[in-house]
>>> print(open('model-v4.cif').read())   # mmCIF, C-alpha atoms and all ligand atoms
data_protein
#
loop_
_atom_site.label_atom_id
_atom_site.label_comp_id
_atom_site.auth_asym_id
_atom_site.auth_seq_id
_atom_site.Cartn_x
_atom_site.Cartn_y
_atom_site.Cartn_z
CA MET A 189 -16.91 -13.42 4.12
CA ARG A 190 -17.05 -10.53 6.50
CA VAL A 191 -13.73 -8.72 6.89
CA LEU A 192 -12.49 -5.92 9.15
CA LEU A 193 -10.08 -3.50 7.48
CA THR A 194 -7.82 -1.54 9.84
CA GLY A 195 -6.87 1.65 8.03
CA GLY A 196 -9.67 0.90 5.57
CA ALA A 197 -10.34 4.60 4.93
CA GLY A 198 -6.78 5.10 3.64
CA TYR A 199 -5.42 4.85 0.13
CA ILE A 200 -4.91 1.09 -0.33
CA GLY A 201 -7.55 0.13 2.26
CA SER A 202 -10.34 2.02 0.50
CA HIS A 203 -9.51 0.43 -2.87
CA THR A 204 -9.41 -2.99 -1.22
CA ALA A 205 -12.78 -2.31 0.40
CA ALA A 206 -14.19 -1.62 -3.07
CA ALA A 207 -12.64 -4.80 -4.50
CA LEU A 208 -13.95 -6.95 -1.64
CA ALA A 209 -17.45 -5.49 -1.94
CA GLU A 210 -17.38 -6.17 -5.67
CA ARG A 211 -16.59 -9.82 -4.93
CA GLY A 212 -19.57 -10.06 -2.57
CA HIS A 213 -17.76 -9.77 0.76
CA GLU A 214 -18.98 -7.63 3.66
CA ILE A 215 -16.68 -4.89 4.92
CA VAL A 216 -16.20 -3.26 8.31
CA ILE A 217 -13.73 -0.36 8.51
CA LEU A 218 -11.75 0.59 11.60
CA ASP A 219 -9.70 3.77 11.21
CA ASN A 220 -8.63 6.67 13.41
CA PHE A 221 -8.67 9.05 10.41
CA ALA A 222 -5.12 10.20 11.19
CA ASN A 223 -4.37 10.03 7.46
CA ALA A 224 -7.75 9.68 5.80
CA GLU A 225 -10.35 12.11 4.61
CA ARG A 226 -13.66 12.14 6.41
CA ASP A 227 -15.69 11.70 3.25
CA VAL A 228 -14.05 8.42 2.20
CA PRO A 229 -16.77 6.20 3.79
CA ALA A 230 -19.53 8.11 1.97
CA ARG A 231 -17.60 7.87 -1.30
CA LEU A 232 -17.13 4.12 -0.77
CA GLU A 233 -20.82 3.66 -0.10
CA ARG A 234 -21.64 5.51 -3.32
CA LEU A 235 -19.16 3.37 -5.20
CA THR A 236 -20.21 0.00 -3.79
CA GLY A 237 -23.92 0.70 -3.22
CA LYS A 238 -23.51 -0.90 0.22
CA LYS A 239 -23.74 0.38 3.77
CA ILE A 240 -20.30 0.02 5.37
CA PRO A 241 -19.97 0.10 9.18
CA ILE A 242 -17.23 2.55 10.22
CA ILE A 243 -15.58 2.35 13.63
CA GLU A 244 -13.49 5.36 14.53
CA ALA A 245 -10.80 3.91 16.78
CA ASP A 246 -7.08 3.48 17.19
CA ILE A 247 -5.67 -0.01 16.69
CA ARG A 248 -3.72 0.43 19.95
CA ASP A 249 -7.01 0.68 21.88
CA VAL A 250 -7.56 -3.02 22.65
CA PRO A 251 -11.00 -2.67 24.31
CA ALA A 252 -12.28 -0.62 21.35
CA VAL A 253 -10.99 -3.16 18.82
CA VAL A 254 -12.38 -6.10 20.82
CA ALA A 255 -15.75 -4.32 21.01
CA ALA A 256 -15.70 -3.74 17.26
CA LEU A 257 -14.88 -7.41 16.58
CA ARG A 258 -17.63 -8.55 18.97
CA GLU A 259 -20.22 -6.23 17.44
CA HIS A 260 -19.19 -7.27 13.91
CA PRO A 261 -17.98 -10.89 14.01
CA VAL A 262 -15.54 -11.30 11.11
CA ASP A 263 -13.75 -14.14 9.33
CA ALA A 264 -10.52 -12.18 8.99
CA VAL A 265 -8.74 -8.86 9.44
CA ILE A 266 -6.81 -7.01 6.75
CA HIS A 267 -4.29 -4.82 8.52
CA PHE A 268 -3.41 -1.59 6.66
CA ALA A 269 -3.24 0.87 9.58
CA ALA A 270 0.30 2.18 9.93
CA LEU A 271 2.53 5.18 9.43
CA LYS A 272 4.45 4.95 6.17
CA ALA A 273 6.85 7.87 5.63
CA VAL A 274 10.50 6.84 5.59
CA GLY A 275 11.86 10.32 6.41
CA GLU A 276 9.44 10.77 9.32
CA SER A 277 10.40 7.34 10.68
CA GLU A 278 14.07 8.33 10.79
CA ALA A 279 13.16 11.63 12.50
CA ASP A 280 10.93 9.96 15.13
CA PRO A 281 11.70 6.24 15.55
CA LEU A 282 9.67 5.86 18.76
CA LEU A 283 6.55 7.16 17.03
CA TYR A 284 6.97 4.45 14.38
CA TYR A 285 7.69 1.69 16.91
CA ASP A 286 4.57 2.75 18.79
CA MET A 287 2.14 3.12 15.88
CA ASN A 288 3.38 0.24 13.79
CA ILE A 289 4.89 -2.38 16.10
CA ILE A 290 2.95 -1.76 19.33
CA GLY A 291 -0.14 -1.06 17.21
CA THR A 292 0.18 -4.47 15.53
CA ILE A 293 0.76 -6.24 18.86
CA ARG A 294 -2.36 -4.57 20.30
CA LEU A 295 -4.39 -5.54 17.24
CA LEU A 296 -3.20 -9.15 17.49
CA GLN A 297 -4.12 -9.18 21.20
CA ALA A 298 -7.60 -7.88 20.40
CA MET A 299 -8.01 -10.47 17.64
CA GLN A 300 -6.96 -13.24 20.02
CA GLU A 301 -9.43 -12.02 22.63
CA ALA A 302 -12.22 -11.93 20.07
CA ASN A 303 -11.14 -15.27 18.57
CA VAL A 304 -10.29 -13.94 15.10
CA THR A 305 -7.46 -16.07 13.73
CA ARG A 306 -6.82 -14.95 10.16
CA ILE A 307 -4.96 -11.87 8.98
CA VAL A 308 -3.71 -10.27 5.79
CA PHE A 309 -0.92 -7.78 6.41
CA SER A 310 0.38 -4.82 4.36
CA SER A 311 4.09 -5.34 4.10
CA SER A 312 6.42 -3.65 1.65
CA ALA A 313 9.27 -4.35 -0.75
CA THR A 314 11.22 -2.04 1.52
CA VAL A 315 12.03 -5.20 3.56
CA TYR A 316 14.51 -6.19 0.80
CA GLY A 317 16.48 -2.95 1.28
CA GLN A 318 19.07 -2.55 -1.48
CA PRO A 319 18.71 -5.91 -3.25
CA ASP A 320 21.70 -7.60 -4.91
CA SER A 321 19.69 -8.03 -8.10
CA SER A 322 16.20 -7.85 -9.62
CA PRO A 323 13.72 -9.41 -10.21
CA ILE A 324 13.35 -9.99 -6.48
CA LEU A 325 12.10 -13.33 -5.18
CA GLU A 326 10.50 -13.79 -1.76
CA ASP A 327 13.48 -15.79 -0.46
CA PHE A 328 15.95 -12.96 -1.11
CA PRO A 329 17.60 -11.71 2.10
CA THR A 330 15.76 -8.99 4.00
CA ARG A 331 17.68 -5.89 5.06
CA VAL A 332 16.82 -2.97 7.28
CA GLU A 333 17.79 0.39 5.84
CA ASN A 334 15.48 2.70 7.77
CA ILE A 335 13.13 2.68 10.76
CA TYR A 336 10.01 2.28 8.61
CA GLY A 337 11.54 -0.82 7.02
CA ARG A 338 12.50 -2.13 10.45
CA THR A 339 8.88 -1.85 11.62
CA LYS A 340 7.60 -3.73 8.55
CA LEU A 341 10.05 -6.54 9.12
CA VAL A 342 9.22 -6.80 12.83
CA MET A 343 5.47 -6.81 12.05
CA GLU A 344 5.97 -9.57 9.47
CA ASP A 345 7.97 -11.60 12.02
CA LEU A 346 5.32 -11.18 14.74
CA ILE A 347 2.68 -12.48 12.36
CA ARG A 348 4.86 -15.40 11.19
CA ASP A 349 5.56 -16.32 14.84
CA LEU A 350 1.86 -16.42 15.68
CA ALA A 351 1.17 -18.53 12.62
CA ARG A 352 4.01 -20.94 13.47
CA THR A 353 2.72 -21.32 17.03
CA LYS A 354 -0.84 -21.81 15.70
CA LYS A 355 -2.21 -18.75 17.47
CA LEU A 356 -3.17 -17.64 13.97
CA LYS A 357 -4.70 -20.18 11.60
CA ALA A 358 -3.88 -18.26 8.45
CA ALA A 359 -1.78 -15.23 7.56
CA ALA A 360 -0.61 -13.44 4.42
CA ASN A 361 2.32 -11.01 4.45
CA LEU A 362 1.88 -9.09 1.21
CA ARG A 363 4.99 -7.23 0.07
CA TYR A 364 3.80 -4.35 -2.10
CA PHE A 365 6.15 -2.78 -4.62
CA ASN A 366 5.15 0.80 -5.62
CA PRO A 367 1.37 1.29 -5.47
CA VAL A 368 0.06 4.13 -7.66
CA GLY A 369 -3.11 5.07 -9.55
CA ALA A 370 -6.67 5.50 -8.37
CA HIS A 371 -10.08 3.91 -8.83
CA PRO A 372 -11.33 4.54 -12.40
CA SER A 373 -14.64 5.84 -10.96
CA GLY A 374 -12.78 8.91 -9.69
CA GLN A 375 -14.42 8.38 -6.26
CA ILE A 376 -11.31 7.34 -4.32
CA GLY A 377 -7.57 7.92 -4.66
CA GLU A 378 -4.46 8.99 -2.80
CA THR A 379 -4.41 12.36 -1.05
CA PRO A 380 -0.95 12.99 0.35
CA ARG A 381 -0.74 15.68 3.02
CA GLY A 382 1.69 18.49 2.20
CA VAL A 383 4.41 18.04 -0.42
CA PRO A 384 4.26 14.50 -1.84
CA ASN A 385 7.35 12.33 -1.29
CA ASN A 386 6.45 9.77 -3.90
CA LEU A 387 6.86 10.14 -7.63
CA MET A 388 3.34 9.68 -9.04
CA PRO A 389 1.53 12.09 -6.67
CA TYR A 390 4.26 14.64 -7.33
CA VAL A 391 3.98 14.27 -11.11
CA SER A 392 0.19 14.59 -10.85
CA GLN A 393 0.55 17.85 -8.92
CA VAL A 394 2.98 19.21 -11.50
CA ALA A 395 0.33 18.40 -14.12
CA THR A 396 -2.31 20.42 -12.26
CA GLY A 397 0.09 23.37 -11.94
CA GLU A 398 0.29 23.06 -8.13
CA ARG A 399 4.07 22.44 -8.49
CA PRO A 400 6.25 24.07 -11.16
CA HIS A 401 8.36 21.06 -12.13
CA LEU A 402 9.42 17.57 -11.13
CA ARG A 403 12.88 17.22 -9.63
CA VAL A 404 14.36 14.00 -11.01
CA PHE A 405 16.50 12.66 -8.18
CA GLY A 406 19.62 11.54 -10.04
CA ASN A 407 20.26 10.68 -13.69
CA ASP A 408 23.57 8.91 -13.12
CA TYR A 409 22.30 5.58 -11.79
CA ASP A 410 23.34 2.33 -13.41
CA THR A 411 20.03 2.03 -15.30
CA PRO A 412 19.21 2.33 -19.04
CA ASP A 413 18.49 6.10 -18.87
CA GLY A 414 20.31 6.82 -15.59
CA THR A 415 17.15 7.44 -13.54
CA GLY A 416 15.76 5.24 -10.75
CA VAL A 417 13.77 2.14 -11.75
CA ARG A 418 10.76 0.87 -9.78
CA ASP A 419 7.95 -1.65 -10.14
CA TYR A 420 4.80 0.51 -10.14
CA ILE A 421 1.59 -1.40 -9.50
CA HIS A 422 -1.93 -0.09 -10.07
CA VAL A 423 -3.80 0.13 -6.75
CA VAL A 424 -6.82 -1.57 -8.36
CA ASP A 425 -4.66 -4.62 -9.21
CA LEU A 426 -3.21 -4.50 -5.71
CA ALA A 427 -6.70 -4.40 -4.19
CA GLU A 428 -7.77 -7.44 -6.20
CA ALA A 429 -4.68 -9.29 -4.96
CA HIS A 430 -5.85 -8.74 -1.37
CA ALA A 431 -9.22 -10.31 -2.13
CA LEU A 432 -7.63 -13.34 -3.81
CA ALA A 433 -4.96 -13.79 -1.11
CA LEU A 434 -7.61 -13.54 1.60
CA GLU A 435 -9.87 -16.09 -0.07
CA HIS A 436 -6.88 -18.42 -0.51
CA ILE A 437 -5.63 -18.33 3.07
CA VAL A 438 -9.09 -18.56 4.61
CA THR A 439 -10.12 -21.48 2.41
CA ASN A 440 -6.89 -23.42 2.96
CA ASP A 441 -5.79 -22.20 6.41
CA VAL A 442 -2.25 -21.51 5.26
CA SER A 443 0.30 -18.76 5.80
CA ILE A 444 2.19 -17.09 2.99
CA THR A 445 4.65 -14.28 2.24
CA VAL A 446 4.21 -12.96 -1.28
CA ASN A 447 5.46 -10.14 -3.54
CA LEU A 448 2.85 -7.95 -5.21
CA GLY A 449 4.34 -6.21 -8.21
CA THR A 450 4.01 -6.34 -11.98
CA GLY A 451 7.52 -7.65 -12.65
CA GLU A 452 8.18 -4.63 -14.92
CA GLY A 453 10.76 -1.99 -14.09
CA THR A 454 9.95 1.61 -15.11
CA SER A 455 12.40 4.52 -14.85
CA VAL A 456 11.49 8.01 -13.68
CA LEU A 457 11.83 9.36 -17.22
CA GLN A 458 9.73 6.50 -18.66
CA LEU A 459 7.01 7.24 -16.14
CA VAL A 460 7.05 10.94 -17.03
CA THR A 461 6.72 10.08 -20.74
CA ALA A 462 3.89 7.62 -20.04
CA PHE A 463 2.11 10.29 -17.99
CA GLU A 464 2.43 12.85 -20.79
CA THR A 465 1.13 10.33 -23.34
CA ALA A 466 -1.79 9.20 -21.16
CA THR A 467 -2.91 12.69 -20.16
CA GLY A 468 -1.76 15.09 -22.88
CA ARG A 469 -0.15 17.28 -20.19
CA THR A 470 3.48 18.41 -20.22
CA ILE A 471 5.63 17.69 -17.17
CA PRO A 472 8.62 20.04 -16.90
CA ILE A 473 11.59 18.34 -15.23
CA VAL A 474 14.79 19.48 -13.55
CA ILE A 475 17.63 17.07 -12.87
CA ALA A 476 18.49 17.17 -9.16
CA PRO A 477 20.98 15.29 -6.96
CA ARG A 478 20.21 11.73 -5.86
CA ARG A 479 17.83 11.46 -2.88
CA PRO A 480 19.66 10.04 0.14
CA GLY A 481 18.67 6.44 0.86
CA ASP A 482 17.33 5.77 -2.65
CA VAL A 483 17.96 2.45 -4.34
CA SER A 484 18.92 2.55 -8.03
CA SER A 485 16.63 -0.17 -9.32
CA TYR A 486 14.30 -2.85 -8.05
CA TYR A 487 11.35 -4.82 -9.33
CA ALA A 488 9.48 -7.96 -8.34
CA ASN A 489 9.34 -11.48 -9.53
CA PRO A 490 5.56 -11.80 -9.02
CA ALA A 491 5.31 -15.49 -10.04
CA LEU A 492 4.56 -16.80 -6.54
CA ALA A 493 1.34 -14.78 -6.28
CA GLU A 494 0.15 -16.26 -9.56
CA GLN A 495 1.09 -19.83 -8.54
CA THR A 496 -0.42 -19.47 -5.06
CA PHE A 497 -3.67 -17.62 -5.62
CA GLY A 498 -3.92 -17.01 -9.34
CA TRP A 499 -3.24 -13.28 -9.34
CA ARG A 500 -1.29 -11.22 -11.79
CA ALA A 501 -1.36 -7.50 -12.50
CA LYS A 502 -3.44 -6.51 -15.53
CA LEU A 503 -3.02 -2.73 -15.73
CA ASN A 504 -0.02 -1.00 -17.30
CA VAL A 505 1.86 2.21 -16.55
CA GLU A 506 -0.33 4.29 -18.86
CA ASP A 507 -3.45 3.04 -17.04
CA MET A 508 -1.77 4.03 -13.76
CA CYS A 509 -0.97 7.53 -15.08
CA ARG A 510 -4.43 8.09 -16.57
CA ASP A 511 -6.22 7.06 -13.37
CA SER A 512 -3.87 9.06 -11.12
CA TRP A 513 -4.51 12.07 -13.31
CA ARG A 514 -8.30 11.65 -13.32
CA TRP A 515 -8.26 11.66 -9.52
CA GLN A 516 -5.81 14.54 -9.14
CA ALA A 517 -7.54 16.65 -11.80
CA SER A 518 -10.92 16.22 -10.13
CA ARG A 519 -9.39 17.25 -6.77
CA ALA A 520 -7.95 20.34 -8.42
CA GLY A 521 -11.28 21.16 -10.08
CA ILE A 522 -9.90 20.50 -13.58
CA ASN A 523 -12.40 18.95 -15.96
CA ASP A 524 -10.00 17.20 -18.26
CA ILE A 525 -10.99 13.57 -18.69
P1 LIG B 601 -2.70 5.47 4.26
O1 LIG B 601 -2.00 6.37 5.21
O2 LIG B 601 -3.47 6.07 3.15
O3 LIG B 601 -3.65 4.48 5.07
C1 LIG B 601 -3.41 4.10 6.40
C2 LIG B 601 -4.73 4.28 7.16
O4 LIG B 601 -4.53 3.86 8.50
C3 LIG B 601 -5.19 5.73 7.22
O5 LIG B 601 -6.55 5.80 6.86
C4 LIG B 601 -4.96 6.14 8.67
O6 LIG B 601 -5.92 7.10 9.09
C5 LIG B 601 -5.10 4.81 9.39
N1 LIG B 601 -4.34 4.70 10.62
C6 LIG B 601 -3.04 5.03 10.84
N2 LIG B 601 -2.70 4.77 12.11
C7 LIG B 601 -3.79 4.24 12.70
C8 LIG B 601 -4.05 3.74 14.01
N3 LIG B 601 -3.12 3.76 14.96
N4 LIG B 601 -5.28 3.26 14.27
C9 LIG B 601 -6.24 3.26 13.32
N5 LIG B 601 -6.05 3.70 12.08
C10 LIG B 601 -4.83 4.19 11.77
O7 LIG B 601 -1.58 4.47 3.71
P2 LIG B 601 -1.66 3.43 2.51
O8 LIG B 601 -0.80 3.96 1.41
O9 LIG B 601 -3.04 3.06 2.21
O10 LIG B 601 -0.88 2.22 3.16
C11 LIG B 601 -1.56 1.16 3.79
C12 LIG B 601 -0.54 0.15 4.29
O11 LIG B 601 0.26 -0.29 3.21
C13 LIG B 601 0.43 0.71 5.33
O12 LIG B 601 0.67 -0.31 6.29
C14 LIG B 601 1.68 0.99 4.53
O13 LIG B 601 2.84 0.91 5.32
C15 LIG B 601 1.63 -0.15 3.52
N6 LIG B 601 2.38 0.13 2.29
C16 LIG B 601 2.07 1.25 1.57
C17 LIG B 601 2.79 1.54 0.42
C18 LIG B 601 2.47 2.78 -0.39
O14 LIG B 601 3.29 3.17 -1.21
N7 LIG B 601 1.34 3.42 -0.22
C19 LIG B 601 3.82 0.68 0.00
C20 LIG B 601 4.09 -0.47 0.75
C21 LIG B 601 3.36 -0.74 1.90
C1 LIG B 602 9.50 5.11 -1.34
C2 LIG B 602 9.98 4.75 0.05
C3 LIG B 602 9.72 3.26 0.28
C4 LIG B 602 8.26 2.92 0.05
C5 LIG B 602 7.91 3.32 -1.39
C6 LIG B 602 6.51 2.99 -1.79
C7 LIG B 602 11.87 6.26 0.49
C8 LIG B 602 13.35 6.38 0.62
N1 LIG B 602 11.40 5.03 0.15
O1 LIG B 602 10.29 4.40 -2.22
O2 LIG B 602 10.07 2.90 1.59
O3 LIG B 602 8.05 1.52 0.24
O4 LIG B 602 8.15 4.73 -1.52
O5 LIG B 602 5.61 3.93 -1.34
O6 LIG B 602 11.12 7.21 0.69
N2 LIG B 602 11.60 10.48 -7.55
C9 LIG B 602 12.00 11.63 -8.20
N3 LIG B 602 11.42 12.82 -7.86
C10 LIG B 602 10.46 12.91 -6.89
C11 LIG B 602 10.05 11.72 -6.22
C12 LIG B 602 10.64 10.51 -6.57
O7 LIG B 602 12.87 11.58 -9.07
O8 LIG B 602 9.98 14.02 -6.60
C13 LIG B 602 12.21 9.18 -7.94
C14 LIG B 602 12.94 8.47 -6.81
O9 LIG B 602 14.27 8.89 -6.74
C15 LIG B 602 12.79 7.01 -7.24
C16 LIG B 602 11.43 6.98 -7.96
O10 LIG B 602 11.15 8.33 -8.32
O11 LIG B 602 13.78 6.67 -8.18
C17 LIG B 602 10.30 6.47 -7.09
O12 LIG B 602 10.27 7.21 -5.87
P1 LIG B 602 9.11 7.00 -4.79
O13 LIG B 602 7.79 7.10 -5.44
O14 LIG B 602 9.40 7.92 -3.65
O15 LIG B 602 9.26 5.48 -4.32
P2 LIG B 602 10.53 4.67 -3.72
O16 LIG B 602 11.77 5.47 -3.83
O17 LIG B 602 10.55 3.34 -4.34
#
>>> encode(input="model-v4.cif", output="structure tokens")
Amino acid sequence: MRVLLTGGAGYIGSHTAAALAERGHEIVILDNFANAERDVPARLERLTGKKIPIIEADIRDVPAVVAALREHPVDAVIHFAALKAVGESEADPLLYYDMNIIGTIRLLQAMQEANVTRIVFSSSATVYGQPDSSPILEDFPTRVENIYGRTKLVMEDLIRDLARTKKLKAAANLRYFNPVGAHPSGQIGETPRGVPNNLMPYVSQVATGERPHLRVFGNDYDTPDGTGVRDYIHVVDLAEAHALALEHIVTNDVSITVNLGTGEGTSVLQLVTAFETATGRTIPIVIAPRRPGDVSSYYANPALAEQTFGWRAKLNVEDMCRDSWRWQASRAGINDI
């Protein structure tokens, strides 16, 4: 297949590009580089050994997206391009409505104009809000707890509506749990701008010495060691899931909404220990107050993905820590692994 990846130069998009290329698919990337490094395409070409067309454009620019789809006729679009910071979304809701919701509407318009009728969409476990229990199944109620989560839910609904009304032949809403890690080649990874919000990038920067210690946000949650529990998923496993989901929906012309997690809950302290074991580095910690808006514990029931398109995560938390560290260490000029 030939596939256009919006936001394909970003963290999850670039890993998915590598996974698709490995499975023999052709990739076209459309990205405005708002949150991607300029050298990602060159790194991807080194990694895959393939020439990858890059279109620098905004998904809200319908003529540019239509032109890209006409120049590179594709079987499907994988839609990663979005803003993703919860705090920023609460500070500037209109920015998030514009980039995420209007952006998705514009992309869908361009696809319709260019007669592209299949889409895989990056959703998030954030649509479950504070769940009543874990493991979380896809039919659990959705809840909006912040503007970012609202935009994900609206984007999912838009895509489901177009599938129901047959404007789209096939669609996959993929609800990611907590993606971490990096490609084992060390060529691509996550490069947060400024101070990382998320746990793994923060821990990795403590390990390089860029940050003095990790602040553990709360140790009085109702969890085995009192710290927050999440379902971390290696980005390489996540990327493979995109390839399998895409192949499934295109072959069968069906629409699905599926969790992508490992099914394993890991606490903040367990992740720190796994990181220290995997890398031999020490991570100093300080216990800090709970972070507003945080959920105590959630993890996926990932059975539907396995039943539907035969995917399950293979990599464990130590793999995630080792690969995050390899990437972060190389960025910091540390020759450790
Ligand atoms: P990322 O920021 O690394 O990648 C997004 C890419 O989209 C970037 O390359 C950026 O330059 C591009 N982009 C942003 N706005 C654009 C626009 N208007 N037009 C064209 N390109 C644009 O983020 P990521 O972590 O790879 O996330 C990808 C998707 O997965 C997002 O939709 C995000 O909401 C979703 N998601 C991410 C996580 C996570 O923890 N990383 C979790 C759940 C869901
Ligand atoms: C965050 C986002 C969520 C998004 C998810 C995946 C918020 C409120 N939620 O969730 O919408 O889908 O990332 O990218 O931002 N922690 C620390 N110290 C730190 C950083 C994190 O103790 O410096 C703890 C958190 O309290 C939490 C766990 O580590 O218990 C994971 O945090 P994080 O990586 O930010 O992910 P989420 O909270 O799941």
>>> closest_residue(input="model-v4.cif", among="A:Thr415, A:Asp227, A:Gly317, A:Arg211", to="Glu435 (chain A)", atoms="only C-alpha atoms")
A:Arg211
>>> closest_residue(input="model-v4.cif", among="A:Ala273, A:Met299, A:Ala370, A:Leu282", to="ligand LIG 602 (chain B)", atoms="only C-alpha atoms and all ligand atoms")
A:Ala273
>>> residues_near_ligand(input="model-v4.cif", ligand="ligand LIG 602 (chain B)", cutoff="9 Å", atoms="only C-alpha atoms and all ligand atoms", output="ChimeraX atom specification")
/A:272-275,311-315,317,334,336-337,364-368,384-391,402-407,415-420,455-457,459,475-476,478-486
>>> write_last_selection(input="model-v4.cif", atoms="C-alpha atoms", output="PDB file, in the frame of the given file")
ATOM      1  CA  LYS A 272       4.450   4.950   6.170  1.00  0.00           C
ATOM      2  CA  ALA A 273       6.850   7.870   5.630  1.00  0.00           C
ATOM      3  CA  VAL A 274      10.500   6.840   5.590  1.00  0.00           C
ATOM      4  CA  GLY A 275      11.860  10.320   6.410  1.00  0.00           C
ATOM      5  CA  SER A 311       4.090  -5.340   4.100  1.00  0.00           C
ATOM      6  CA  SER A 312       6.420  -3.650   1.650  1.00  0.00           C
ATOM      7  CA  ALA A 313       9.270  -4.350  -0.750  1.00  0.00           C
ATOM      8  CA  THR A 314      11.220  -2.040   1.520  1.00  0.00           C
ATOM      9  CA  VAL A 315      12.030  -5.200   3.560  1.00  0.00           C
ATOM     10  CA  GLY A 317      16.480  -2.950   1.280  1.00  0.00           C
ATOM     11  CA  ASN A 334      15.480   2.700   7.770  1.00  0.00           C
ATOM     12  CA  TYR A 336      10.010   2.280   8.610  1.00  0.00           C
ATOM     13  CA  GLY A 337      11.540  -0.820   7.020  1.00  0.00           C
ATOM     14  CA  TYR A 364       3.800  -4.350  -2.100  1.00  0.00           C
ATOM     15  CA  PHE A 365       6.150  -2.780  -4.620  1.00  0.00           C
ATOM     16  CA  ASN A 366       5.150   0.800  -5.620  1.00  0.00           C
ATOM     17  CA  PRO A 367       1.370   1.290  -5.470  1.00  0.00           C
ATOM     18  CA  VAL A 368       0.060   4.130  -7.660  1.00  0.00           C
ATOM     19  CA  PRO A 384       4.260  14.500  -1.840  1.00  0.00           C
ATOM     20  CA  ASN A 385       7.350  12.330  -1.290  1.00  0.00           C
ATOM     21  CA  ASN A 386       6.450   9.770  -3.900  1.00  0.00           C
ATOM     22  CA  LEU A 387       6.860  10.140  -7.630  1.00  0.00           C
ATOM     23  CA  MET A 388       3.340   9.680  -9.040  1.00  0.00           C
ATOM     24  CA  PRO A 389       1.530  12.090  -6.670  1.00  0.00           C
ATOM     25  CA  TYR A 390       4.260  14.640  -7.330  1.00  0.00           C
ATOM     26  CA  VAL A 391       3.980  14.270 -11.110  1.00  0.00           C
ATOM     27  CA  LEU A 402       9.420  17.570 -11.130  1.00  0.00           C
ATOM     28  CA  ARG A 403      12.880  17.220  -9.630  1.00  0.00           C
ATOM     29  CA  VAL A 404      14.360  14.000 -11.010  1.00  0.00           C
ATOM     30  CA  PHE A 405      16.500  12.660  -8.180  1.00  0.00           C
ATOM     31  CA  GLY A 406      19.620  11.540 -10.040  1.00  0.00           C
ATOM     32  CA  ASN A 407      20.260  10.680 -13.690  1.00  0.00           C
ATOM     33  CA  THR A 415      17.150   7.440 -13.540  1.00  0.00           C
ATOM     34  CA  GLY A 416      15.760   5.240 -10.750  1.00  0.00           C
ATOM     35  CA  VAL A 417      13.770   2.140 -11.750  1.00  0.00           C
ATOM     36  CA  ARG A 418      10.760   0.870  -9.780  1.00  0.00           C
ATOM     37  CA  ASP A 419       7.950  -1.650 -10.140  1.00  0.00           C
ATOM     38  CA  TYR A 420       4.800   0.510 -10.140  1.00  0.00           C
ATOM     39  CA  SER A 455      12.400   4.520 -14.850  1.00  0.00           C
ATOM     40  CA  VAL A 456      11.490   8.010 -13.680  1.00  0.00           C
ATOM     41  CA  LEU A 457      11.830   9.360 -17.220  1.00  0.00           C
ATOM     42  CA  LEU A 459       7.010   7.240 -16.140  1.00  0.00           C
ATOM     43  CA  ILE A 475      17.630  17.070 -12.870  1.00  0.00           C
ATOM     44  CA  ALA A 476      18.490  17.170  -9.160  1.00  0.00           C
ATOM     45  CA  ARG A 478      20.210  11.730  -5.860  1.00  0.00           C
ATOM     46  CA  ARG A 479      17.830  11.460  -2.880  1.00  0.00           C
ATOM     47  CA  PRO A 480      19.660  10.040   0.140  1.00  0.00           C
ATOM     48  CA  GLY A 481      18.670   6.440   0.860  1.00  0.00           C
ATOM     49  CA  ASP A 482      17.330   5.770  -2.650  1.00  0.00           C
ATOM     50  CA  VAL A 483      17.960   2.450  -4.340  1.00  0.00           C
ATOM     51  CA  SER A 484      18.920   2.550  -8.030  1.00  0.00           C
ATOM     52  CA  SER A 485      16.630  -0.170  -9.320  1.00  0.00           C
ATOM     53  CA  TYR A 486      14.300  -2.850  -8.050  1.00  0.00           C
TER      54      TYR A 486
END
>>> closest_atom_pairs(input="model-v4.cif", of="chain A", to="ligand LIG 601 (chain B)", cutoff="7 Å", atoms="all atoms listed in the file", output="CSV")
residue,atom,partner,partner_atom,distance
A:Thr194,CA,B:LIG601,N5,6.0
A:Gly195,CA,B:LIG601,O4,3.3
A:Gly196,CA,B:LIG601,O5,6.0
A:Ala197,CA,B:LIG601,O5,4.4
A:Gly198,CA,B:LIG601,O5,3.3
A:Tyr199,CA,B:LIG601,O9,3.6
A:Ile200,CA,B:LIG601,O9,3.7
A:Gly201,CA,B:LIG601,O9,5.4
A:Leu218,CA,B:LIG601,C9,6.4
A:Asp219,CA,B:LIG601,N5,3.8
A:Asn220,CA,B:LIG601,N5,4.2
A:Phe221,CA,B:LIG601,O6,3.6
A:Ala222,CA,B:LIG601,O6,3.8
A:Asn223,CA,B:LIG601,O6,3.7
A:Ala224,CA,B:LIG601,O5,4.2
A:Ala245,CA,B:LIG601,C9,5.8
A:Asp246,CA,B:LIG601,N4,3.4
A:Ile247,CA,B:LIG601,N4,4.1
A:Arg248,CA,B:LIG601,N3,6.0
A:Phe268,CA,B:LIG601,C12,4.1
A:Ala269,CA,B:LIG601,O4,3.4
A:Ala270,CA,B:LIG601,O12,4.4
A:Leu271,CA,B:LIG601,C6,5.7
A:Lys272,CA,B:LIG601,O13,4.4
A:Met287,CA,B:LIG601,N3,5.4
A:Gly291,CA,B:LIG601,N3,6.1
A:Ser310,CA,B:LIG601,O11,4.7
A:Ser311,CA,B:LIG601,C21,5.2
A:Ser312,CA,B:LIG601,C20,4.0
A:Ala313,CA,B:LIG601,C20,6.6
A:Arg363,CA,B:LIG601,C20,6.9
A:Tyr364,CA,B:LIG601,C20,4.8
A:Phe365,CA,B:LIG601,C20,6.2
A:Asn366,CA,B:LIG601,O14,5.3
A:Pro367,CA,B:LIG601,O14,5.0
A:Glu378,CA,B:LIG601,O2,6.7
